[in-house]
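So the structure is just underneath, and the comments pick up after that.
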Amino acid sequence: MEYAEAPARLREADPVLAVLIKANPDFDRRAWMKEFPRIDSFGTLVFQVIGQQLSMSATRSILDRLQKLFSGRLPTPKEFLTTPRDDLRKTGLPRRKIEAFRTVAERFADGHWKEEELWALSDHEIENLFTAVSGIGPWTVHGFLIIAFGREDVVLAGDLALRKVIRKIYEMDHLPNEVEVLQLAERWRRWHSLATGYLCDPHITASEIG
């Protein structure tokens with residue numbers, strides 16, 4: 001199945017999602033990324049870890065301060081490792097996240113993790129590899145898979161923003177838990193990432209549901 005067919009398949013599978021898709025025929029789920037610098041695998045992990053339990057605006061603020069520390073760009077793994085922790089703390093990064101970054105940076109810097117080899121791994125293999133690092137959980141990995149590698153069948157079941165949108169759009173009387181999100185997402189199989197993109201896009205709101 002070609003990616004171009006995905007919106008039609010999702011419309012057939014989910015009548016609620018179909019309303020969003022019909023109202024947004026030119027939707028590009030990666031459009032929001034144009035507001036951010038182009039990043040590699042290490043940079044994507046930095047972005048994801050920064051964003052843990054933070055709003056997009058708070059994430060962007062820390063990311064901007066981190067870039068200023070490195071002349072307007074994100075650091076390479078080696079640059080991160082040679083930067084004093086106190087300087088990194090001034091960007092707003094908590095110690096826990098700095099230590100997670102350092103572990104990740106070490107694995108990229110020493111060649112233990114290589115971009116081309118990561119691309120060859122399955123989603124499950126990448127999740128097992130990354131979550132072995134303290135401070136990196138499934139939410140971080142799932143976002144990485146969507147952003148860095150463009151994997152098409154990833155659902156952010158633990159994402160609070162997604163769960164809130166689902167509660168509203170699907171008119172649920174409670175905030176769905178991860179299991180309930182996964183049950184709902186069964187109808188999006190093969191195109192979980194695109195479905196998640198429609199639901200999480202800030203320009204697509206529940207007001208579009210008639």
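Identifiers in the structure tokens: chain A, B, ... in order shown; residue index from 1 per chain; ligand index from 1 in order shown.
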Margin query: Using DSSP secondary structure from the backbone, list all helix (DSSP H, G or I) positions within region 14-188 of chain A, as number ranges by chain.
Written below: A: 15-23, 31-35, 41-50, 56-69, 77-81, 85-89, 95-109, 115-119, 123-130, 138-147, 160-169, 178-188
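Note that the spacing between CA of Pro94 (chain A) and CA of Thr59 (chain A) amounts to 12.5 Å.
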Excluding Thr196 (chain A) and its own-chain neighbours fewer than 2 positions away, which residues fall within 8 Å of it when counting only C-alpha atoms? Please give them as a PDB file with C-alpha atoms, in the first residue's frame.
```
ATOM      1  CA  VAL A 155       1.289   5.393  18.059  1.00  0.00           C
ATOM      2  CA  LEU A 156       2.126   7.633  21.027  1.00  0.00           C
ATOM      3  CA  LEU A 162      -3.009  12.783  22.399  1.00  0.00           C
ATOM      4  CA  HIS A 192      -0.650   4.865  13.236  1.00  0.00           C
ATOM      5  CA  SER A 193       1.806   7.734  12.767  1.00  0.00           C
ATOM      6  CA  LEU A 194      -0.408   9.579  10.303  1.00  0.00           C
ATOM      7  CA  TYR A 198      -3.951  14.402  12.504  1.00  0.00           C
ATOM      8  CA  LEU A 199      -5.036  14.207  16.141  1.00  0.00           C
ATOM      9  CA  CYS A 200      -2.029  16.023  17.596  1.00  0.00           C
TER      10      CYS A 200
END
```
Give me the residues within 10 Å of His174 (chain A) as an mmCIF file with N, CA and C atoms, in the first residue's frame, counting only C-alpha atoms and dropping any in the same chain fewer than 6 places off.
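out32.cif written:
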```cif
data_model
loop_
_atom_site.group_PDB
_atom_site.id
_atom_site.type_symbol
_atom_site.label_atom_id
_atom_site.label_comp_id
_atom_site.auth_asym_id
_atom_site.auth_seq_id
_atom_site.Cartn_x
_atom_site.Cartn_y
_atom_site.Cartn_z
ATOM 1 N N ARG A 163 -3.990 11.795 24.379
ATOM 2 C CA ARG A 163 -5.074 11.221 25.178
ATOM 3 C C ARG A 163 -6.181 12.247 25.435
ATOM 4 N N LYS A 164 -5.789 13.511 25.653
ATOM 5 C CA LYS A 164 -6.783 14.566 25.871
ATOM 6 C C LYS A 164 -7.594 14.830 24.604
ATOM 7 N N ILE A 166 -8.127 12.679 22.175
ATOM 8 C CA ILE A 166 -8.990 11.522 21.956
ATOM 9 C C ILE A 166 -10.234 11.605 22.844
ATOM 10 N N ARG A 167 -10.042 11.968 24.095
ATOM 11 C CA ARG A 167 -11.195 12.098 24.999
ATOM 12 C C ARG A 167 -12.221 13.073 24.424
ATOM 13 N N LYS A 168 -11.751 14.195 23.895
ATOM 14 C CA LYS A 168 -12.657 15.210 23.391
ATOM 15 C C LYS A 168 -13.293 14.814 22.061
#
```
Checklist line | Nearest-residue call for Arg102 (chain A), choices A:Trp139, A:Asp123, A:Arg151, A:Val49, using only C-alpha atoms | finding: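 Checking each of A:Trp139, A:Asp123, A:Arg151, A:Val49 against Arg102 (chain A), counting only C-alpha atoms, the winner is A:Val49.
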Margin query: Neighbouring residues of Asn177 (chain A) were defined as those with any atom within 10 Å, considering only C-alpha atoms; residues of the same chain fewer than 6 positions away were excluded. Please report them as a PyMOL selection string.
Written below: chain A and resi 157-160+163
Item checked: Residue neighbourhood Leu184 (chain A), 10 Å, only C-alpha atoms, exclusion window fewer than 5 positions, as a PyMOL selection string -> chain A and resi 14+157+166+170+176+178-179
Those same residues - C-alpha atoms - I'd like them written as a compact mmCIF listing (two decimals), in the first residue's frame.
```
# COMPACT_ATOMS: atom_id res chain seq x y z
CA ASP A 14 -12.44 5.40 11.46
CA ALA A 157 -0.18 5.78 23.39
CA ILE A 166 -8.99 11.52 21.96
CA TYR A 170 -14.27 10.64 20.56
CA PRO A 176 -8.27 7.17 28.20
CA GLU A 178 -2.61 3.74 27.29
CA VAL A 179 -4.41 0.43 26.88
```
Item checked: Atom pair CA of Arg96 (chain A) / CA of Ser61 (chain A): separation (Å) -> 18.1 Å
Note to self: Considering only C-alpha atoms, can you say which of A:Glu5, A:Asp64, A:Asp173, A:Glu12 comes closest to Thr91 (chain A)?
What the structure shows: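 Counting only C-alpha atoms, the residue closest to Thr91 (chain A) is A:Asp64.
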Can you list, as a short mmCIF file (atom, residue, chain, number, x, y, z; two decimals) with N, CA and C atoms, in the first residue's frame, every protein, DNA or RNA residue that comes within 10 Å of Ala18 (chain A) when you count only C-alpha atoms, leaving out same-chain residues fewer than 4 positions away?
```
data_model
loop_
_atom_site.label_atom_id
_atom_site.label_comp_id
_atom_site.auth_asym_id
_atom_site.auth_seq_id
_atom_site.Cartn_x
_atom_site.Cartn_y
_atom_site.Cartn_z
N PRO A 7 -4.58 8.28 3.81
CA PRO A 7 -5.75 9.03 4.29
C PRO A 7 -7.07 8.35 3.95
N ALA A 8 -7.18 7.82 2.74
CA ALA A 8 -8.41 7.15 2.35
C ALA A 8 -8.65 5.91 3.19
N ARG A 9 -7.60 5.17 3.47
CA ARG A 9 -7.72 3.96 4.29
C ARG A 9 -8.15 4.31 5.71
N LEU A 10 -7.59 5.39 6.24
CA LEU A 10 -7.96 5.82 7.59
C LEU A 10 -9.41 6.31 7.64
N ARG A 11 -9.85 6.98 6.59
CA ARG A 11 -11.24 7.45 6.54
C ARG A 11 -12.20 6.27 6.53
N GLU A 12 -11.82 5.22 5.84
CA GLU A 12 -12.67 4.02 5.80
C GLU A 12 -12.72 3.33 7.15
N ALA A 13 -11.60 3.35 7.85
CA ALA A 13 -11.47 2.59 9.09
C ALA A 13 -12.04 3.30 10.31
N ASP A 14 -12.08 4.65 10.27
CA ASP A 14 -12.44 5.40 11.46
C ASP A 14 -13.30 6.60 11.07
N LYS A 22 -11.12 14.77 6.05
CA LYS A 22 -11.87 15.46 5.01
C LYS A 22 -11.70 16.98 5.12
N ALA A 23 -11.64 17.48 6.36
CA ALA A 23 -11.51 18.92 6.58
C ALA A 23 -10.10 19.44 6.33
N ASN A 24 -9.13 18.53 6.22
CA ASN A 24 -7.73 18.93 6.05
C ASN A 24 -7.08 18.12 4.93
N ALA A 195 -2.32 8.90 11.64
CA ALA A 195 -3.50 9.14 12.46
C ALA A 195 -3.15 9.99 13.68
N ILE A 209 -15.25 18.72 14.57
CA ILE A 209 -16.21 17.61 14.64
C ILE A 209 -17.60 18.20 14.75
#
```
Note to self: Just checking: using only C-alpha atoms, which residue out of A:Leu175, A:Val19, A:Ala100, A:Ala185 ends up closest to Thr131 (chain A)?
What the structure shows: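 Looking only at the distances to Thr131 (chain A), the closest residue turns out to be A:Ala100.
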Notebook entry, point to check: With only C-alpha atoms as the basis for distance, which of A:Pro75, A:Gly92, A:Pro15, A:Gly51 is at the shortest distance from Phe144 (chain A)?
Noted result: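 Counting only C-alpha atoms, the residue closest to Phe144 (chain A) is A:Gly51.
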Check: Between A:Gly72, A:Gly150, A:Pro77, A:Gly111, which has the minimum distance to Trp191 (chain A) (counting only C-alpha atoms)?
Finding: A:Gly150
Next item on the list: Would you work out the distance separating CA of Ile39 (chain A) from CA of Asp153 (chain A), expressed in Å to one decimal?
Entry: 21.2 Å
Checklist line | Nearest-residue call for Phe27 (chain A), choices A:Ala4, A:Ile98, A:Val104, A:Val46, using only C-alpha atoms | finding: A:Ala4
